[in-house]
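The data block below is final-v2.cif; it holds mmCIF, C-alpha atoms and all ligand atoms.
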data_start
#
loop_
_atom_site.label_atom_id
_atom_site.label_comp_id
_atom_site.auth_asym_id
_atom_site.auth_seq_id
_atom_site.Cartn_x
_atom_site.Cartn_y
_atom_site.Cartn_z
CA MET B 1 2.67 -7.13 22.48
CA LYS B 2 1.72 -5.84 19.07
CA LYS B 3 2.45 -2.32 20.25
CA VAL B 4 5.84 -3.31 21.65
CA PHE B 5 6.71 -4.96 18.33
CA ALA B 6 5.55 -1.92 16.42
CA THR B 7 7.67 0.33 18.65
CA ILE B 8 10.73 -1.86 18.13
CA LEU B 9 10.10 -1.90 14.38
CA ALA B 10 9.68 1.85 14.31
CA ALA B 11 12.90 2.26 16.29
CA ALA B 12 14.76 -0.12 13.97
CA LEU B 13 13.51 1.78 10.97
CA THR B 14 14.39 5.10 12.53
CA LEU B 15 17.91 3.88 13.16
CA GLY B 16 18.27 3.38 9.44
CA MET B 17 18.19 -0.41 9.28
CA PHE B 18 16.43 -0.15 5.94
CA GLY B 19 18.93 2.17 4.35
CA CYS B 20 17.65 5.67 4.88
CA GLY B 21 20.28 7.46 6.94
CA SER B 22 19.61 10.84 8.44
CA LYS B 23 21.64 13.95 9.11
CA THR B 24 20.20 14.72 12.53
CA ALA B 25 19.85 12.56 15.59
CA SER B 26 16.63 10.64 15.82
CA THR B 27 14.23 10.25 18.67
CA THR B 28 13.32 6.66 19.34
CA GLY B 29 11.50 4.41 21.79
CA ASP B 30 10.15 5.90 25.00
CA ALA B 31 12.13 9.09 24.54
CA GLY B 32 10.20 9.65 21.35
CA LYS B 33 6.94 9.23 23.19
CA SER B 34 7.53 12.01 25.62
CA GLY B 35 5.52 15.00 24.59
CA SER B 36 3.44 13.18 21.97
CA GLY B 37 0.59 13.00 24.52
CA ASP B 38 -2.60 12.48 22.59
CA LYS B 39 -1.68 14.92 19.83
CA LEU B 40 -3.62 14.37 16.66
CA ILE B 41 -1.79 13.99 13.34
CA GLY B 42 -3.66 14.13 10.02
CA VAL B 43 -2.54 11.79 7.25
CA ALA B 44 -4.12 12.49 3.83
CA MET B 45 -3.45 9.86 1.16
CA PRO B 46 -4.62 10.10 -2.47
CA THR B 47 -6.38 6.80 -3.11
CA GLN B 48 -6.86 3.23 -1.99
CA SER B 49 -6.97 2.02 -5.58
CA LEU B 50 -3.19 1.57 -5.74
CA GLN B 51 -1.51 -0.81 -3.33
CA ARG B 52 1.31 1.53 -2.39
CA TRP B 53 -0.90 4.24 -0.84
CA ASN B 54 -2.65 1.68 1.36
CA GLN B 55 0.75 0.58 2.59
CA ASP B 56 1.92 4.16 3.07
CA GLY B 57 -1.22 4.95 5.08
CA ASP B 58 -0.94 1.79 7.20
CA ASN B 59 2.74 2.34 7.93
CA MET B 60 2.21 5.97 8.87
CA LYS B 61 -0.66 5.09 11.20
CA LYS B 62 1.14 2.19 12.88
CA GLN B 63 4.37 4.08 13.38
CA LEU B 64 2.71 7.26 14.66
CA GLU B 65 0.50 5.29 17.06
CA ALA B 66 3.56 3.41 18.31
CA LYS B 67 4.91 6.80 19.37
CA GLY B 68 1.71 7.67 21.20
CA TYR B 69 0.09 9.95 18.62
CA LYS B 70 -3.55 9.81 17.59
CA VAL B 71 -4.00 9.53 13.83
CA GLU B 72 -6.69 10.75 11.46
CA LEU B 73 -6.04 8.79 8.24
CA GLN B 74 -8.05 9.57 5.08
CA PHE B 75 -7.97 8.42 1.46
CA ALA B 76 -9.56 10.66 -1.19
CA ASN B 77 -10.40 8.31 -4.06
CA ASN B 78 -8.14 10.40 -6.34
CA GLU B 79 -10.68 13.27 -6.14
CA VAL B 80 -9.09 16.65 -5.57
CA ASN B 81 -12.14 18.23 -3.90
CA THR B 82 -12.50 15.27 -1.55
CA GLN B 83 -8.89 15.68 -0.49
CA VAL B 84 -9.30 19.42 0.10
CA GLN B 85 -12.39 18.67 2.23
CA GLN B 86 -10.55 16.00 4.20
CA VAL B 87 -7.63 18.34 4.92
CA GLN B 88 -10.08 21.06 6.00
CA ASN B 89 -11.72 18.59 8.42
CA MET B 90 -8.34 17.61 9.83
CA ILE B 91 -7.64 21.26 10.62
CA THR B 92 -11.09 21.66 12.22
CA LYS B 93 -10.51 18.56 14.35
CA GLY B 94 -7.34 20.11 15.76
CA CYS B 95 -4.59 18.17 14.00
CA LYS B 96 -1.18 19.59 14.94
CA VAL B 97 0.69 18.32 11.88
CA LEU B 98 -0.65 17.34 8.46
CA VAL B 99 1.08 14.72 6.33
CA ILE B 100 -0.26 15.02 2.80
CA ALA B 101 0.35 13.00 -0.36
CA ALA B 102 -1.35 15.42 -2.76
CA ILE B 103 -3.52 14.33 -5.67
CA ASP B 104 -3.06 17.58 -7.58
CA GLY B 105 0.06 19.24 -6.17
CA SER B 106 -1.24 22.72 -7.02
CA ALA B 107 -4.76 22.45 -5.57
CA LEU B 108 -4.10 22.87 -1.85
CA THR B 109 -3.06 26.53 -1.69
CA ASN B 110 -6.25 27.82 -0.01
CA VAL B 111 -6.71 25.03 2.50
CA LEU B 112 -3.05 25.25 3.51
CA LYS B 113 -3.51 28.99 4.14
CA THR B 114 -6.13 27.94 6.72
CA ALA B 115 -3.64 25.42 8.12
CA ALA B 116 -1.02 28.14 8.54
CA ASP B 117 -3.56 30.51 10.15
CA ASN B 118 -4.20 27.73 12.70
CA LYS B 119 -0.47 27.11 13.22
CA VAL B 120 -0.71 23.63 11.76
CA LYS B 121 2.56 22.38 10.24
CA VAL B 122 2.56 20.58 6.92
CA ILE B 123 4.74 17.79 5.54
CA ALA B 124 4.41 16.96 1.84
CA TYR B 125 4.54 13.18 1.61
CA ASP B 126 6.12 11.61 -1.49
CA ARG B 127 4.70 14.33 -3.80
CA LEU B 128 5.70 17.97 -3.46
CA ILE B 129 2.87 20.41 -2.69
CA MET B 130 3.15 23.27 -5.16
CA LYS B 131 2.35 26.99 -5.23
CA THR B 132 2.12 27.65 -1.49
CA PRO B 133 4.45 29.05 1.17
CA ASN B 134 2.61 26.90 3.71
CA VAL B 135 4.42 23.61 3.36
CA ASP B 136 7.21 23.08 5.88
CA TYR B 137 8.98 19.91 4.77
CA TYR B 138 9.00 17.37 1.97
CA ALA B 139 9.79 13.68 2.46
CA SER B 140 10.14 11.46 -0.58
CA PHE B 141 12.42 9.16 -2.47
CA ASP B 142 14.95 10.67 -4.82
CA ASN B 143 12.57 11.03 -7.75
CA PHE B 144 15.20 11.97 -10.35
CA LYS B 145 17.21 8.91 -9.31
CA VAL B 146 14.12 6.74 -9.82
CA GLY B 147 14.16 7.76 -13.50
CA VAL B 148 17.94 7.42 -13.76
CA THR B 149 17.73 3.88 -12.38
CA GLN B 150 15.04 2.95 -14.91
CA GLY B 151 17.14 4.45 -17.72
CA GLN B 152 20.28 2.65 -16.57
CA TYR B 153 18.39 -0.64 -16.35
CA ILE B 154 17.37 -0.24 -20.01
CA GLU B 155 20.90 0.79 -20.97
CA THR B 156 22.36 -2.34 -19.36
CA LYS B 157 19.66 -4.78 -20.51
CA LEU B 158 20.01 -3.74 -24.14
CA GLY B 159 23.82 -3.41 -24.06
CA LEU B 160 23.64 0.19 -25.26
CA LYS B 161 26.96 1.07 -23.65
CA ASP B 162 28.59 -1.68 -25.74
CA GLY B 163 27.24 -0.05 -28.88
CA LYS B 164 24.39 -2.51 -29.47
CA GLY B 165 21.28 -1.37 -31.32
CA PRO B 166 19.33 0.14 -32.90
CA PHE B 167 16.33 -0.83 -30.76
CA ASN B 168 12.71 0.20 -31.10
CA MET B 169 11.29 1.97 -28.05
CA GLU B 170 8.11 3.64 -26.81
CA VAL B 171 7.95 6.09 -23.92
CA PHE B 172 5.29 6.71 -21.24
CA GLY B 173 5.14 9.50 -18.68
CA GLY B 174 3.30 9.87 -15.37
CA SER B 175 0.47 12.20 -14.40
CA PRO B 176 1.12 15.83 -15.38
CA ASP B 177 -0.48 17.15 -12.16
CA ASP B 178 2.07 15.21 -10.07
CA ASN B 179 5.36 17.06 -9.64
CA ASN B 180 7.19 13.72 -9.39
CA ALA B 181 6.26 12.77 -12.95
CA THR B 182 8.67 15.18 -14.65
CA PHE B 183 11.46 14.19 -12.26
CA PHE B 184 10.98 10.53 -13.25
CA TYR B 185 10.87 11.45 -16.96
CA ASN B 186 13.88 13.79 -16.82
CA GLY B 187 15.90 11.26 -14.80
CA ALA B 188 15.25 8.50 -17.33
CA MET B 189 15.88 10.81 -20.28
CA SER B 190 19.20 11.94 -18.80
CA ILE B 191 20.39 8.39 -19.56
CA LEU B 192 18.33 7.55 -22.68
CA LYS B 193 18.36 10.79 -24.68
CA PRO B 194 21.93 10.41 -25.98
CA TYR B 195 20.94 7.02 -27.45
CA ILE B 196 17.77 8.51 -28.97
CA ASP B 197 19.89 11.28 -30.46
CA ASN B 198 22.46 8.88 -31.95
CA GLY B 199 19.77 6.55 -33.33
CA LYS B 200 20.50 3.54 -31.10
CA LEU B 201 17.04 3.99 -29.59
CA ASN B 202 14.38 4.59 -32.18
CA VAL B 203 11.06 5.90 -30.86
CA VAL B 204 9.02 4.53 -33.75
CA SER B 205 5.85 6.51 -32.99
CA GLY B 206 7.87 9.71 -32.71
CA GLN B 207 5.98 10.46 -29.47
CA LYS B 208 8.56 11.29 -26.85
CA ASP B 209 8.12 14.69 -25.23
CA PHE B 210 6.63 14.62 -21.74
CA ASN B 211 3.30 16.30 -22.53
CA THR B 212 2.61 13.89 -25.39
CA VAL B 213 3.37 10.72 -23.43
CA ALA B 214 1.95 11.71 -20.00
CA ILE B 215 -0.91 9.62 -18.60
CA MET B 216 -3.36 11.67 -16.52
CA SER B 217 -4.03 10.33 -12.99
CA TRP B 218 -1.62 7.43 -13.52
CA LYS B 219 -4.48 5.35 -14.93
CA SER B 220 -3.80 1.77 -16.09
CA GLU B 221 -6.74 1.92 -18.55
CA THR B 222 -5.36 5.05 -20.24
CA ALA B 223 -1.92 3.48 -20.53
CA GLN B 224 -3.48 0.32 -21.98
CA ALA B 225 -5.46 2.33 -24.55
CA ARG B 226 -2.38 4.32 -25.56
CA MET B 227 -0.30 1.13 -25.92
CA ASP B 228 -3.11 -0.34 -28.08
CA ASN B 229 -2.87 2.66 -30.39
CA LEU B 230 0.92 2.56 -30.51
CA VAL B 231 0.99 -1.14 -31.41
CA THR B 232 -1.73 -0.84 -34.05
CA ALA B 233 -0.24 2.23 -35.68
CA ASN B 234 3.46 1.30 -35.54
CA TYR B 235 4.10 -2.39 -34.91
CA ALA B 236 1.32 -4.16 -36.84
CA GLY B 237 3.53 -5.34 -39.71
CA GLY B 238 5.74 -7.45 -37.42
CA LYS B 239 8.14 -4.65 -36.48
CA LYS B 240 9.85 -5.61 -33.23
CA LEU B 241 9.16 -3.60 -30.07
CA ASP B 242 12.28 -3.89 -27.91
CA VAL B 243 11.66 -1.62 -24.97
CA VAL B 244 8.97 0.43 -23.23
CA LEU B 245 9.85 3.05 -20.61
CA SER B 246 7.05 3.09 -18.04
CA PRO B 247 7.47 5.36 -15.01
CA ASN B 248 5.46 3.21 -12.61
CA ASP B 249 3.60 -0.02 -12.02
CA SER B 250 0.03 1.17 -12.59
CA LEU B 251 1.03 2.15 -16.15
CA ALA B 252 3.10 -1.02 -16.62
CA ILE B 253 0.06 -3.17 -15.75
CA GLY B 254 -1.96 -1.46 -18.51
CA ILE B 255 0.94 -1.81 -20.96
CA VAL B 256 1.29 -5.55 -20.26
CA ALA B 257 -2.48 -6.05 -20.65
CA SER B 258 -2.34 -4.37 -24.06
CA LEU B 259 0.72 -6.34 -25.21
CA LYS B 260 -0.87 -9.60 -24.07
CA ASN B 261 -4.01 -8.79 -26.11
CA HIS B 262 -1.78 -8.15 -29.13
CA GLY B 263 -0.15 -11.57 -28.89
CA TYR B 264 3.09 -10.67 -27.12
CA GLY B 265 4.70 -13.24 -24.83
CA THR B 266 5.61 -15.89 -27.41
CA ALA B 267 8.99 -16.97 -28.85
CA ASP B 268 8.28 -14.97 -32.02
CA LYS B 269 6.93 -11.97 -30.20
CA PRO B 270 8.61 -11.70 -26.79
CA TYR B 271 7.66 -9.02 -24.29
CA PRO B 272 9.80 -5.90 -24.58
CA VAL B 273 12.04 -4.73 -21.75
CA LEU B 274 9.55 -2.88 -19.53
CA THR B 275 10.24 -0.71 -16.48
CA GLY B 276 8.03 0.15 -13.50
CA GLN B 277 7.99 1.54 -9.99
CA ASP B 278 6.49 0.60 -6.59
CA CYS B 279 6.89 -3.20 -6.65
CA ASP B 280 3.14 -3.67 -6.34
CA LYS B 281 2.27 -7.34 -5.91
CA PRO B 282 0.69 -7.86 -9.37
CA ASN B 283 3.79 -6.30 -10.93
CA VAL B 284 6.21 -8.46 -8.97
CA LYS B 285 4.20 -11.46 -10.16
CA ALA B 286 4.47 -10.06 -13.71
CA MET B 287 8.25 -9.80 -13.25
CA ILE B 288 8.45 -13.40 -12.11
CA ALA B 289 6.32 -14.37 -15.17
CA GLY B 290 8.66 -12.46 -17.51
CA GLN B 291 6.11 -9.83 -18.56
CA GLN B 292 7.68 -6.85 -16.78
CA SER B 293 11.46 -6.51 -16.44
CA MET B 294 11.97 -4.43 -13.33
CA SER B 295 10.31 -2.20 -10.79
CA ILE B 296 11.73 0.48 -8.52
CA PHE B 297 11.40 -0.50 -4.87
CA LYS B 298 10.55 2.37 -2.55
CA ASP B 299 10.31 0.90 0.93
CA THR B 300 7.24 2.68 2.33
CA ARG B 301 8.26 1.63 5.87
CA THR B 302 11.42 3.71 5.53
CA LEU B 303 9.58 6.76 4.25
CA ALA B 304 6.99 6.50 7.03
CA SER B 305 9.68 6.27 9.71
CA LYS B 306 11.40 9.36 8.32
CA VAL B 307 8.13 11.29 8.38
CA VAL B 308 7.48 10.20 11.97
CA GLU B 309 10.91 11.61 12.87
CA MET B 310 9.90 14.85 11.19
CA VAL B 311 6.62 15.00 13.12
CA ASP B 312 8.46 14.39 16.41
CA ALA B 313 10.98 17.11 15.68
CA ILE B 314 8.33 19.64 14.64
CA LEU B 315 6.28 19.06 17.78
CA GLN B 316 9.36 19.40 19.96
CA GLY B 317 10.12 22.73 18.28
CA LYS B 318 13.26 21.32 16.68
CA GLU B 319 14.42 21.30 13.10
CA ALA B 320 13.33 18.19 11.24
CA PRO B 321 15.89 15.96 9.49
CA THR B 322 16.59 16.96 5.89
CA ASN B 323 19.26 16.00 3.37
CA ASP B 324 18.36 18.23 0.41
CA THR B 325 17.70 21.94 0.61
CA LYS B 326 18.16 22.80 -3.07
CA THR B 327 16.18 20.61 -5.43
CA TYR B 328 12.48 20.96 -4.66
CA ASN B 329 11.20 24.41 -5.52
CA ASN B 330 7.41 24.55 -5.33
CA ASP B 331 7.16 27.79 -7.34
CA VAL B 332 7.07 29.82 -4.11
CA LYS B 333 10.08 28.52 -2.19
CA VAL B 334 12.55 25.67 -1.93
CA VAL B 335 11.04 23.14 0.45
CA PRO B 336 13.60 21.43 2.73
CA SER B 337 13.48 17.76 1.87
CA PHE B 338 14.50 14.36 3.03
CA LEU B 339 15.07 12.05 0.08
CA CYS B 340 15.32 8.31 0.65
CA ASP B 341 17.20 6.06 -1.73
CA PRO B 342 15.30 4.00 -4.32
CA VAL B 343 16.66 0.67 -5.55
CA TYR B 344 15.42 -1.66 -8.27
CA ALA B 345 14.05 -5.16 -8.05
CA ASP B 346 13.85 -7.66 -10.89
CA ALA B 347 13.42 -11.41 -11.32
CA THR B 348 17.04 -12.00 -10.24
CA ASN B 349 17.07 -10.10 -6.93
CA TYR B 350 13.46 -9.75 -5.77
CA LYS B 351 13.82 -12.49 -3.13
CA LYS B 352 16.60 -10.62 -1.39
CA ILE B 353 15.07 -7.15 -1.80
CA LEU B 354 11.41 -7.89 -1.16
CA ILE B 355 11.16 -11.14 0.81
CA ASP B 356 14.30 -11.19 2.96
CA SER B 357 13.55 -7.61 4.03
CA GLY B 358 10.13 -8.72 5.29
CA TYR B 359 8.24 -6.48 2.84
CA TYR B 360 6.41 -9.45 1.28
CA THR B 361 6.10 -13.13 2.09
CA GLU B 362 6.55 -15.84 -0.56
CA ALA B 363 2.81 -16.42 -0.31
CA ASP B 364 2.08 -12.77 -1.24
CA LEU B 365 3.70 -13.37 -4.60
CA LYS B 366 2.00 -16.67 -5.49
C1 LIG T 401 4.60 8.11 -6.71
C2 LIG T 401 4.75 6.76 -7.35
C3 LIG T 401 3.38 6.23 -7.76
C4 LIG T 401 2.60 7.28 -8.54
C5 LIG T 401 1.17 6.84 -8.79
C6 LIG T 401 3.86 9.02 -7.63
O1 LIG T 401 3.75 10.30 -7.07
O2 LIG T 401 5.89 8.63 -6.40
O3 LIG T 401 5.36 5.87 -6.45
O4 LIG T 401 3.53 5.12 -8.58
O5 LIG T 401 2.57 8.49 -7.84
O6 LIG T 401 0.44 6.70 -7.62
#
This structure in structure tokens:
Amino acid sequence: MKKVFATILAAALTLGMFGCGSKTASTTGDAGKSGSGDKLIGVAMPTQSLQRWNQDGDNMKKQLEAKGYKVELQFANNEVNTQVQQVQNMITKGCKVLVIAAIDGSALTNVLKTAADNKVKVIAYDRLIMKTPNVDYYASFDNFKVGVTQGQYIETKLGLKDGKGPFNMEVFGGSPDDNNATFFYNGAMSILKPYIDNGKLNVVSGQKDFNTVAIMSWKSETAQARMDNLVTANYAGGKKLDVVLSPNDSLAIGIVASLKNHGYGTADKPYPVLTGQDCDKPNVKAMIAGQQSMSIFKDTRTLASKVVEMVDAILQGKEAPTNDTKTYNNDVKVVPSFLCDPVYADATNYKKILIDSGYYTEADLK
């Protein structure tokens, strides 16, 4: 019964019910099963420490198994060498396709040479794999648009288009070893930079270029420590902090923890507008509590179903679905990509986006 449900769900997702249309025809249901036999697919995820990767791994496993594949799913505790080892083992075990969310996008060149020598195909999952010819496809959300959406949220919330301001802002960036991080930053800056340039957004610390604001390994603790320093050095005398650009939820959690410790969250000292990404449960709770303003919602079910379509196509010797063949250059070649559409959730729409879609239950957010 479970399997039947999973198959129906996978088919529904493949048909684009969750808003991720495709250019090529999809294979669904029993038709999709033909040929999958007991082929082994390797799924390498970065870490279990963030909610989203657990969900990504679960969705991939469920949806691949519903199509009749066997799945080798591994998490690497954010350790690059562990991930390389895991990918090597997947090749040794005879995986036909590898689906990899890289920890360090540039650290897989050697192991993927072995994959290619063994005729194993490779799909980069969510994060582009850099500096290798041996990556066949990339499936992700539109990472630049993630940043644009965060920037536009800030623009609207503060009324920047109506000429309001100046506002005091601080900027955070994601992990410099993750190719996505600069896309998020550049997307957000494409909206915010004109307001920084005309003085409507004042970065009080002066720290705004990507390398200065980047947080290695997306660590909450590092973001918290940096926010502590920013508040102490720049906002101690009662200067108002209006907005913080955070690229994702793990950083936003650290930023909120710091602000809470510094007495934010009162009538005199309200929380600033604060962005995020992933709609992790603690962050959705923080949105409901008024500590975080928004989070980008990337439906991991949609991404998984797209990757399953890619796996099916590859193993049937067909071209996999793509909708972008220009943007993602990995320093060796442009990797054909399928980019799903991100949307934002906030306190006003989260019920529709997150609960009505079946992603969370009300109880998950209590
Ligand atoms: C993902 C984000 C995630 C971040 C930290 C990025 O590559 O696209 O969704 O928040 O990694 O895990």
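All residues, whether protein, DNA or RNA, that have an atom at most 7 Å from ligand LIG 401 (chain T) (counting all atoms listed in the file) are Leu50, Asp126, Arg127, Asp178, Asn180, Ala181, Trp218, Asn248, Asp249, Ser250, Gln277 and Asp278 of chain B.
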Do a neighbour search on stretch 151-165 of chain B at 8 Å with only C-alpha atoms, toss out local chain neighbours closer than 4 positions, and write the hits as an mmCIF file with C-alpha atoms, in the frame of the given file.
data_model
loop_
_atom_site.group_PDB
_atom_site.id
_atom_site.type_symbol
_atom_site.label_atom_id
_atom_site.label_comp_id
_atom_site.auth_asym_id
_atom_site.auth_seq_id
_atom_site.Cartn_x
_atom_site.Cartn_y
_atom_site.Cartn_z
ATOM 1 C CA GLY B 147 14.160 7.760 -13.500
ATOM 2 C CA GLY B 187 15.900 11.260 -14.800
ATOM 3 C CA ALA B 188 15.250 8.500 -17.330
ATOM 4 C CA MET B 189 15.880 10.810 -20.280
ATOM 5 C CA SER B 190 19.200 11.940 -18.800
ATOM 6 C CA ILE B 191 20.390 8.390 -19.560
ATOM 7 C CA LEU B 192 18.330 7.550 -22.680
ATOM 8 C CA TYR B 195 20.940 7.020 -27.450
ATOM 9 C CA LYS B 200 20.500 3.540 -31.100
ATOM 10 C CA LEU B 201 17.040 3.990 -29.590
ATOM 11 C CA VAL B 243 11.660 -1.620 -24.970
ATOM 12 C CA LEU B 245 9.850 3.050 -20.610
ATOM 13 C CA VAL B 273 12.040 -4.730 -21.750
ATOM 14 C CA THR B 275 10.240 -0.710 -16.480
#
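Using all atoms listed in the file, the shortest contact distance between B:Asp364 and any of B:Ala304, B:Val111, B:Val284, B:Ala101 is found at B:Val284.
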Residues near B:Lys70, cut-off 8 Å, all atoms listed in the file, skip fewer than 6 positions along chain, as a PyMOL selection string: chain B and resi 38-41+64
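With distances taken over all atoms listed in the file, B:Cys279 is the one residue among B:Ala320, B:Cys279, B:Leu230, B:Ile123 lying closest to B:Asp346.
By chain and then residue number, the residues within 7 Å of B:Val43 are Glu72, Leu73, Gln74, Leu98, Val99 and Ile100 of chain B, counting only C-alpha atoms and disregarding those fewer than 4 positions away in sequence.
A straight line drawn from atom CA of B:Ala102 to atom CA of B:Gln83 is 7.9 Å long.
With distances taken over all atoms listed in the file, B:Val343 is the one residue among B:Asp299, B:Pro321, B:Val343, B:Lys333 lying closest to B:Val148.
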Contact residues around B:Met60 with only C-alpha atoms at 9 Å, ignoring same-chain residues under 6 positions, as a PDB file with C-alpha atoms, in the coordinates of the input:
ATOM      1  CA  VAL B  43      -2.540  11.790   7.250  1.00  0.00           C
ATOM      2  CA  VAL B  71      -4.000   9.530  13.830  1.00  0.00           C
ATOM      3  CA  LEU B  73      -6.040   8.790   8.240  1.00  0.00           C
ATOM      4  CA  THR B 300       7.240   2.680   2.330  1.00  0.00           C
ATOM      5  CA  ARG B 301       8.260   1.630   5.870  1.00  0.00           C
ATOM      6  CA  LEU B 303       9.580   6.760   4.250  1.00  0.00           C
ATOM      7  CA  ALA B 304       6.990   6.500   7.030  1.00  0.00           C
ATOM      8  CA  SER B 305       9.680   6.270   9.710  1.00  0.00           C
ATOM      9  CA  VAL B 307       8.130  11.290   8.380  1.00  0.00           C
ATOM     10  CA  VAL B 308       7.480  10.200  11.970  1.00  0.00           C
TER      11      VAL B 308
END
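Going from atom CA of B:Val97 to atom CA of B:Lys121 covers 4.8 Å.
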At a cut-off of 10 Å, using all atoms listed in the file, what residues contact B:Asn179? Leave out same-chain residues fewer than 4 positions from it and give the result as number ranges by chain. B: 102, 104-106, 126-130, 143, 174-175, 183-184, 328, 330
Report, in Å with one decimal, the straight-line distance from atom CA of B:Gln85 to atom CA of B:Ala44. 10.4 Å
Which one is closest to B:Gln88: B:Ile103, B:Ile253, B:Val204, B:Leu108? Count only C-alpha atoms. B:Leu108
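Nearest-residue note for B:Leu339: choosing from B:Ala124, B:Met227, B:Met90, B:Met45, the minimum distance belongs to B:Ala124, counting all atoms listed in the file.
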